Every structure is written in C-alpha cells, then in structure tokens.
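Chemist: Supplied in structure tokens, the structure appears directly below.
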Amino acid sequence: MSAEQLAEVSDLFVLAAVLLYLLAMIGFALDLAFGQTRADTVASRARQPVTVGAGGGDEPPPQAPAEAAGQAPPRWTSKAALVALLLGWGAWAANLAAIVTRGVAVERWPWANMYEFVVAICFAAVTAFLGTHLRYNVRFLGPFVMVTAALGLGFAVKFLYTAAGPVVPALNSYWIAIHVSAAILASGLFILAGVTGILYLVRGDGPSRLPSREDLERVAHRAIVLAFPVWTFAVIAGALWADKAWGRYWGWDPKEVWSFITWVAYAAYLHARVTAGWRGRAATIVQLVAFAGLLFNLVGVNIFISGLHSYADVG
C-alpha cells in the first residue's frame, strides 16, 4: 500500500472514530439518564488507594454504602452502559489506527502539525477515561468525554486538516517523541479533569444522576496529580529540544510562555489544596482556569499568535 493510500485510510479511521464516539456518547447518555442511580458511582470506597504525589493531602475516603458490603458495586446497571463501553473501545481503536497509519504513511511521529496533534490529544483523553474506568466506576463521564473527543476530531478535520507529508527540519528529531508525547499524555489527563470540573460546577446540591461533588472533585484531583509531573517533564524536555534546535533553552516564545503559565496555574491548584486546604468550588475554579490556559496553549497560540512554533499551525 502506498503512502497516499495509507494517508487516505488514516482519514477514514478518523471519520470512523467520530461516528463511534458519537454512538458511544448516546449509549452513555442513555445509561446516565435511565440507568439505576447510586450514591456512590465512583469506585468502592473500601478499596480506594491513597493518593501519592503532588497532592498527597487528599481527604480520607468516606464509608462505602451499605449495599456494597465492603466490595465494589456492580459495574453495569444497564445494557446501554455495556454497549456504550464497547463502542468507546471501538472508537479508541479506530483513533489509534488513524494515528498509526498516518505515522506509517509519513514515516515519522504523527503529531508534527496541529491536525495530527489534536487527533492524538483526543486519543489521549479517551485513553485517560477508559483507563480510569478499568479501576474506578466513572462511566458518568462517558457522555461528556465521548462528545469532547468527537467534537475535537471534527474540529481537526474541518479546520486543521493538513495533508500527509514531510515536516520542517526542526521537527526531524527524536525530541518530538519525548517532548510532544509527554505533552499529549498530560493533556489527555488534564482534559479528563477539566470535564469533571465543569460537571462539578453544573451539578446542584440536590439529588442528581451525577455523583456527589466530593466524588467529582476527587476524580479531577487524581487526574491532575498524575498529569502535573508529566507536564513538568514536557516543559523541561521542550527547553532541552529548544537548545538543540535554536541554541537556547528559553526565549519567551508565545508557546513557551503559555506552557509555563499553564504549569504555574496547575501548580497553584495543587499548592492551594496542600497548604491552604482548598476544596470544593474555589479549588475547582482554579483548576478550570488552568484548563482554559491549557486549551489556549494547545490550540489558540498556534492559530492566533505567531512565533517559533508557527510551523505547527494549520497546514
């Protein structure tokens, strides 16, 4: 199969992923709307691990509900949930296939322009959700993560699409596998936390199909605890790559500035939780401000601001 044909196959996989993400979203939404509700929709409290890392001050887990009897509640309460998860994994596989075939077609790491980068970030966000669901019952996030991935891929296809081809010399480096891969992984976890934070703000205090605000905050916090050191590594790796490519570690390029602003914002969130004991709405607002900075750094800087990273703009 020629490179052109592989690139076309990659494009078809992206479209298939969009369709499957939308179908999975519908399934998760049906389960959220009509499935059996539980006060404890996250994992069994009897087996929650202690968080280790930057935010180690996580509150002790409350008691498990009586029906759990010390073990995890049943993972499935409707056929819609099971079908939705299968569709979600199918969409994940199609998203992965799109990335792999694109990489084989161009014979390089397939995240050297904005189109490829957004496709990879959507994959990372869904991976974060599905990976979390392997351990914790967080399917309430399914409709929101799936629609986010579908909209992200749709945006990439409609507005950011770049034909498969070579890249500028600065990107022909092993550093793209180190720096950009770390940024993609961290961004996927930050997106999971951001979606959860938005749900925290829109959830009322009364009965709801969504988990309690405490559960929502716990999910977001754990995702950020995992993502923050990875983002830190990505920033450091970017500085090392900049020295190799441009002869300096830091030059206050817009992308560098916003990467640092994002790092500071998430550091402020974790610091506030550990030292000031911030919880609830105030902490969630801080993490959503950081999330807004992340989104602008990932997309807005490349589209609206010229700089040394402009080669990653729309092709």
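Note on naming: chains are A, B, ... as they come in the structure tokens, residues start from 1 per chain, ligands start from 1 in the order shown.
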So which residues touch stretch 188-193 of chain A within 6 Å, counting only C-alpha atoms, skipping near sequence neighbours fewer than 2 positions away, as a PDB file with all heavy atoms, in the first residue's frame?
Modeler:
ATOM      1  N   ILE A 121      -4.411  14.139  20.854  1.00  0.00           N
ATOM      2  CA  ILE A 121      -4.919  14.573  22.154  1.00  0.00           C
ATOM      3  C   ILE A 121      -6.295  13.965  22.419  1.00  0.00           C
ATOM      4  O   ILE A 121      -6.601  13.556  23.548  1.00  0.00           O
ATOM      5  CB  ILE A 121      -4.962  16.102  22.225  1.00  0.00           C
ATOM      6  CG1 ILE A 121      -3.547  16.654  22.403  1.00  0.00           C
ATOM      7  CG2 ILE A 121      -5.851  16.577  23.372  1.00  0.00           C
ATOM      8  CD1 ILE A 121      -3.478  18.145  22.499  1.00  0.00           C
ATOM      9  N   ALA A 124      -5.677  10.603  23.582  1.00  0.00           N
ATOM     10  CA  ALA A 124      -5.160  10.585  24.947  1.00  0.00           C
ATOM     11  C   ALA A 124      -6.270  10.817  25.963  1.00  0.00           C
ATOM     12  O   ALA A 124      -6.296  10.187  27.029  1.00  0.00           O
ATOM     13  CB  ALA A 124      -4.072  11.646  25.096  1.00  0.00           C
ATOM     14  N   ALA A 125      -7.212  11.711  25.656  1.00  0.00           N
ATOM     15  CA  ALA A 125      -8.307  11.988  26.586  1.00  0.00           C
ATOM     16  C   ALA A 125      -9.186  10.755  26.774  1.00  0.00           C
ATOM     17  O   ALA A 125      -9.569  10.418  27.902  1.00  0.00           O
ATOM     18  CB  ALA A 125      -9.137  13.168  26.081  1.00  0.00           C
ATOM     19  N   ALA A 128      -7.372   8.190  28.813  1.00  0.00           N
ATOM     20  CA  ALA A 128      -7.428   8.519  30.240  1.00  0.00           C
ATOM     21  C   ALA A 128      -8.760   8.078  30.844  1.00  0.00           C
ATOM     22  O   ALA A 128      -8.805   7.523  31.948  1.00  0.00           O
ATOM     23  CB  ALA A 128      -7.225  10.018  30.430  1.00  0.00           C
ATOM     24  N   LEU A 185       0.123  13.150  26.534  1.00  0.00           N
ATOM     25  CA  LEU A 185      -0.329  12.331  27.657  1.00  0.00           C
ATOM     26  C   LEU A 185      -0.880  13.199  28.784  1.00  0.00           C
ATOM     27  O   LEU A 185      -1.971  12.944  29.318  1.00  0.00           O
ATOM     28  CB  LEU A 185       0.825  11.470  28.155  1.00  0.00           C
ATOM     29  CG  LEU A 185       0.559  10.636  29.422  1.00  0.00           C
ATOM     30  CD1 LEU A 185      -0.602   9.674  29.189  1.00  0.00           C
ATOM     31  CD2 LEU A 185       1.820   9.876  29.838  1.00  0.00           C
ATOM     32  N   ALA A 186      -0.140  14.240  29.158  1.00  0.00           N
ATOM     33  CA  ALA A 186      -0.593  15.129  30.227  1.00  0.00           C
ATOM     34  C   ALA A 186      -1.888  15.834  29.834  1.00  0.00           C
ATOM     35  O   ALA A 186      -2.802  15.982  30.655  1.00  0.00           O
ATOM     36  CB  ALA A 186       0.493  16.149  30.556  1.00  0.00           C
ATOM     37  N   VAL A 195     -13.189  18.243  32.251  1.00  0.00           N
ATOM     38  CA  VAL A 195     -14.585  17.822  32.055  1.00  0.00           C
ATOM     39  C   VAL A 195     -15.244  17.553  33.403  1.00  0.00           C
ATOM     40  O   VAL A 195     -16.388  17.967  33.651  1.00  0.00           O
ATOM     41  CB  VAL A 195     -14.639  16.568  31.162  1.00  0.00           C
ATOM     42  CG1 VAL A 195     -16.043  15.969  31.153  1.00  0.00           C
ATOM     43  CG2 VAL A 195     -14.210  16.910  29.736  1.00  0.00           C
ATOM     44  N   THR A 196     -14.513  16.894  34.299  1.00  0.00           N
ATOM     45  CA  THR A 196     -15.061  16.604  35.619  1.00  0.00           C
ATOM     46  C   THR A 196     -15.299  17.880  36.408  1.00  0.00           C
ATOM     47  O   THR A 196     -16.293  18.012  37.122  1.00  0.00           O
ATOM     48  CB  THR A 196     -14.112  15.675  36.396  1.00  0.00           C
ATOM     49  OG1 THR A 196     -13.780  14.545  35.584  1.00  0.00           O
ATOM     50  CG2 THR A 196     -14.750  15.186  37.674  1.00  0.00           C
ATOM     51  N   ALA A 220     -11.193  14.562  39.582  1.00  0.00           N
ATOM     52  CA  ALA A 220     -10.410  15.626  38.940  1.00  0.00           C
ATOM     53  C   ALA A 220      -9.045  15.774  39.593  1.00  0.00           C
ATOM     54  O   ALA A 220      -8.019  15.916  38.909  1.00  0.00           O
ATOM     55  CB  ALA A 220     -11.187  16.940  39.012  1.00  0.00           C
ATOM     56  N   ALA A 223      -6.616  12.970  38.613  1.00  0.00           N
ATOM     57  CA  ALA A 223      -6.137  13.111  37.238  1.00  0.00           C
ATOM     58  C   ALA A 223      -5.040  14.179  37.157  1.00  0.00           C
ATOM     59  O   ALA A 223      -4.032  14.008  36.460  1.00  0.00           O
ATOM     60  CB  ALA A 223      -7.292  13.469  36.312  1.00  0.00           C
ATOM     61  N   ALA A 227      -1.166  14.039  35.995  1.00  0.00           N
ATOM     62  CA  ALA A 227      -0.779  14.799  34.808  1.00  0.00           C
ATOM     63  C   ALA A 227       0.307  15.828  35.079  1.00  0.00           C
ATOM     64  O   ALA A 227       1.148  16.090  34.199  1.00  0.00           O
ATOM     65  CB  ALA A 227      -2.015  15.512  34.232  1.00  0.00           C
TER      66      ALA A 227
END
Chemist: Got a sec: who's within 9 Å of A:Thr148, counting only C-alpha atoms, leaving out chain neighbours fewer than 4 positions off, as a VMD selection string?
Modeler: chain A and resid 21 122 125 143 to 144 152 to 153 195
Chemist: Please, could you write that set of residues out with N, CA, C and O atoms as a PDB file, in the first residue's frame?
Modeler:
ATOM      1  N   TYR A  21     -17.520   7.463  18.470  1.00  0.00           N
ATOM      2  CA  TYR A  21     -17.560   8.302  19.667  1.00  0.00           C
ATOM      3  C   TYR A  21     -18.970   8.848  19.886  1.00  0.00           C
ATOM      4  O   TYR A  21     -19.465   8.904  21.023  1.00  0.00           O
ATOM      5  N   CYS A 122      -7.148  13.901  21.391  1.00  0.00           N
ATOM      6  CA  CYS A 122      -8.445  13.242  21.561  1.00  0.00           C
ATOM      7  C   CYS A 122      -8.251  11.784  21.978  1.00  0.00           C
ATOM      8  O   CYS A 122      -8.949  11.277  22.872  1.00  0.00           O
ATOM      9  N   ALA A 125      -7.212  11.711  25.656  1.00  0.00           N
ATOM     10  CA  ALA A 125      -8.307  11.988  26.586  1.00  0.00           C
ATOM     11  C   ALA A 125      -9.186  10.755  26.774  1.00  0.00           C
ATOM     12  O   ALA A 125      -9.569  10.418  27.902  1.00  0.00           O
ATOM     13  N   PRO A 143     -20.579  10.248  28.556  1.00  0.00           N
ATOM     14  CA  PRO A 143     -21.175  11.124  27.539  1.00  0.00           C
ATOM     15  C   PRO A 143     -20.336  12.357  27.252  1.00  0.00           C
ATOM     16  O   PRO A 143     -20.245  12.809  26.102  1.00  0.00           O
ATOM     17  N   PHE A 144     -19.716  12.895  28.282  1.00  0.00           N
ATOM     18  CA  PHE A 144     -19.013  14.166  28.154  1.00  0.00           C
ATOM     19  C   PHE A 144     -17.633  13.996  27.526  1.00  0.00           C
ATOM     20  O   PHE A 144     -17.206  14.811  26.711  1.00  0.00           O
ATOM     21  N   GLY A 152     -13.657  17.321  19.045  1.00  0.00           N
ATOM     22  CA  GLY A 152     -12.253  17.614  18.781  1.00  0.00           C
ATOM     23  C   GLY A 152     -11.797  17.074  17.442  1.00  0.00           C
ATOM     24  O   GLY A 152     -11.134  17.778  16.662  1.00  0.00           O
ATOM     25  N   LEU A 153     -12.152  15.837  17.148  1.00  0.00           N
ATOM     26  CA  LEU A 153     -11.791  15.262  15.854  1.00  0.00           C
ATOM     27  C   LEU A 153     -12.504  15.988  14.713  1.00  0.00           C
ATOM     28  O   LEU A 153     -11.912  16.231  13.650  1.00  0.00           O
ATOM     29  N   VAL A 195     -13.189  18.243  32.251  1.00  0.00           N
ATOM     30  CA  VAL A 195     -14.585  17.822  32.055  1.00  0.00           C
ATOM     31  C   VAL A 195     -15.244  17.553  33.403  1.00  0.00           C
ATOM     32  O   VAL A 195     -16.388  17.967  33.651  1.00  0.00           O
TER      33      VAL A 195
END
Chemist: Distance atom CA of A:Val106-atom CA of A:Gly165, one decimal place?
Modeler: 5.7 Å
Chemist: Hey, what's within 9 Å of A:Val299 if we count only C-alpha atoms and toss same-chain stuff fewer than 4 positions away? As a compact mmCIF listing (two decimals) with N, CA, C and O atoms, in the first residue's frame, please?
Modeler:
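The resulting file, selection36.txt, is reproduced below:
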# COMPACT_ATOMS: atom_id res chain seq x y z
N MET A 114 -0.85 20.75 13.65
CA MET A 114 -2.00 20.90 14.54
C MET A 114 -3.04 19.80 14.33
O MET A 114 -3.65 19.33 15.28
N VAL A 118 -4.07 17.38 17.46
CA VAL A 118 -5.41 17.32 18.04
C VAL A 118 -5.96 15.90 17.98
O VAL A 118 -6.61 15.43 18.93
N LEU A 294 -4.57 25.79 29.38
CA LEU A 294 -4.09 24.64 28.62
C LEU A 294 -4.68 24.62 27.22
O LEU A 294 -3.96 24.43 26.24
N LEU A 295 -6.00 24.81 27.11
CA LEU A 295 -6.65 24.78 25.81
C LEU A 295 -6.13 25.89 24.90
O LEU A 295 -5.90 25.67 23.70
N ILE A 303 -2.77 29.11 16.46
CA ILE A 303 -3.62 29.68 15.43
C ILE A 303 -3.56 31.21 15.41
O ILE A 303 -3.52 31.83 14.35
N PHE A 304 -3.52 31.82 16.59
CA PHE A 304 -3.69 33.27 16.67
C PHE A 304 -2.41 34.05 16.93
O PHE A 304 -2.38 35.27 16.75
N ASP A 313 1.20 25.26 12.88
CA ASP A 313 -0.09 25.85 12.60
C ASP A 313 -0.81 25.07 11.51
O ASP A 313 -0.32 24.07 11.01
Chemist: Would you mind reading off the distance between atom CA of A:Ala93 and atom CA of A:Leu151, one decimal, in Å?
Modeler: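 Computing it gives 17.4 Å between the two atoms.
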Chemist: Name all residues at most 7 Å from A:Ile99 (count only C-alpha atoms; drop same-chain ones fewer than 5 positions away) and give them as a PyMOL selection string.
Modeler: chain A and resi 10+110+120
